[in-house]
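Asks: Attaching a single structure in structure tokens format; questions to follow.
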Amino acid sequence: MSEEKTGFITITYRLRLYNRHHDWLLLTKQIYNQAVWHYYQILVNQTSLLEQSNFLLLRCLEEQSIGTKEMRKRGEEPLWKLPDHWKLPLYFRRAAINTAIGLVRSYVTSCQRWQEKEGKNGRIPSQAAAINGSPVFYKGMYREFGESSIQLKVYNGEKWVWVVYPYTGRKIPGEGKVLSPALKIEKEAAYLHVPVELQVADIRTVAERVREEPQICAVAFPDSDCLAVAVVMSWDGACLKHYFVHGGKRRDAQRRKALERLEKSKGSRRGMKDRGKEEGRRENGAIYRKLERINGYYAHKVSREILEFCKENRIKVIVVPNYESGILSGECVFLHRNLYHWQGRAMIHKLQYKAYREGILVTTIRPYHISDCCSECGEKILRYNEGHRAGRNYYGGQLFFCPNGHRGNTALNTAKNIGRYFLKRFQKEV
């Protein structure tokens, strides 16, 4: 058996800051974006500077914006001098420079790719018309990062001051390495997005794991009361255990209640004056956010339960359908914009990063004929619901039978197909 290779994963924690000196945060963000725009203009006008490494380029931009000791002795002004009233702290200025470097490098790379294709694909890349980024707080811009508060250096209109901001959010793990947080401002709320680097015990590839691990877990995501079904399978395709995650009816009831409120709100706004319409729009925004929270809760719930089931059974490989490509891609893009659509993609996304942190890999197969064929014989199946006459084909039927007499649960059958198609592919390679 090969050695397990360790690696790292970065997870971003979202902390909500208490509403304290919100105007100072807005002003800090405004100055940050102005500084980024200042350095962006320097680089756009001198793209040859990009040939240097980021470290040398940073030093060069600082010389052109704040000058050097020798220049100050001679009384010379920098070519691209920063406004005096900004008085940017060192690490705040360097964060703005690094952001500008990233933007211009991306723009130059896009132009090169477009030229290589002779303009056949896509439109000509354009420069940024404005900057609306989130301030990044390097180590010198924050301190005393505790379990419930943090000190940030912000601009109050006259000078840079240290302000204590209490916050709420998930507890940041002590074993992780905290990286530079970014300030996100949404209307009247402010959030701190804190990247945390965590160690991963096992980063072996799927091919390495399949040849060494005795079992895999295949997962299907039906849109019914059963939100997901996981099946533990051995290398020869035998099903050892299965686990159903329920809660679809409860989720649909919560969604339906929110949608009824939305329809009622839309109806009550008809014929109202402008003020009433504005209040209605705010209420609708609250309802949409409620739907997002419902979807997020169940996506986290399902992915967490599947992960716990896999950890209990010492699974190292999870197989799911790839709903982001193939014949379903156009449909996926359309459905993704709907707040109350099928949630399989969101569940898979959350399962991927949660599982990787635990040393478990999530891999995919193409979703062709995984739900319309019998997992035992491969014949086409007919669906039906309990209490209905067998032989009728219900699209949403929870039970199935095939011409060879195999019967069972359609969600469980889909999960078995996912696992067996995956194992069949790897057995051919071996």
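As shown in the structure tokens, the chain order sets the letters A, B, ...; within each chain, residues go from 1, and ligands are also counted from 1 in the order they appear.
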Do you know which residues are at most 8 Å from Ile216 of chain A counting only C-alpha atoms, after dropping those on the same chain fewer than 4 positions away, and could you put them as a PyMOL selection string?
Replies: chain A and resi 210+232-235+315-319+419
Asks: Would you mind listing what lies within 8 Å of segment 129-132 of chain A as a ChimeraX atom specification, with only C-alpha atoms counted and same-chain residues fewer than 5 positions away left out?
Replies: /A:33-34,36-37
Asks: So which residues touch segment 179-184 of chain A within 12 Å, counting only C-alpha atoms, skipping near sequence neighbours fewer than 6 positions away, as a PyMOL selection string?
Replies: chain A and resi 10-17+22+25-26+28-30+32+91-92+95-96+99+132-143+145+150+152-154+172+190-198
Asks: Have a look at A:Asn45, A:Gln398, A:Glu144, A:Thr363 and name the one nearest to Ala207 of chain A; count only C-alpha atoms.
Replies: A:Thr363
Asks: Near Ile294 of chain A, counting only C-alpha atoms, which residues have an atom at most 8 Å away, once you skip same-chain residues fewer than 3 positions from it, shown as a list in words?
Replies: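 My reading of the contact set: Arg251, Gln254, Arg255, Lys290, Leu291, Tyr297 and Tyr298 of chain A.
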Asks: Keeping only C-alpha atoms, take the residues you just selected and write them out as a PDB file, in the first residue's frame.
Replies:
ATOM      1  CA  ARG A 251     -38.044  21.424   2.816  1.00  0.00           C
ATOM      2  CA  GLN A 254     -40.885  25.608   3.966  1.00  0.00           C
ATOM      3  CA  ARG A 255     -40.331  26.690   0.379  1.00  0.00           C
ATOM      4  CA  LYS A 290     -35.275  33.219   3.171  1.00  0.00           C
ATOM      5  CA  LEU A 291     -35.420  30.814   0.215  1.00  0.00           C
ATOM      6  CA  TYR A 297     -29.475  24.646   5.162  1.00  0.00           C
ATOM      7  CA  TYR A 298     -30.573  21.465   3.368  1.00  0.00           C
TER       8      TYR A 298
END
Asks: I'd like to know which residues of segment 8-126 of chain A are alpha helix (DSSP H) (by DSSP, run on the backbone); could you write them as an MDAnalysis selection string?
Replies: chainID A and resid 22:45 54:66 69:74 90:116
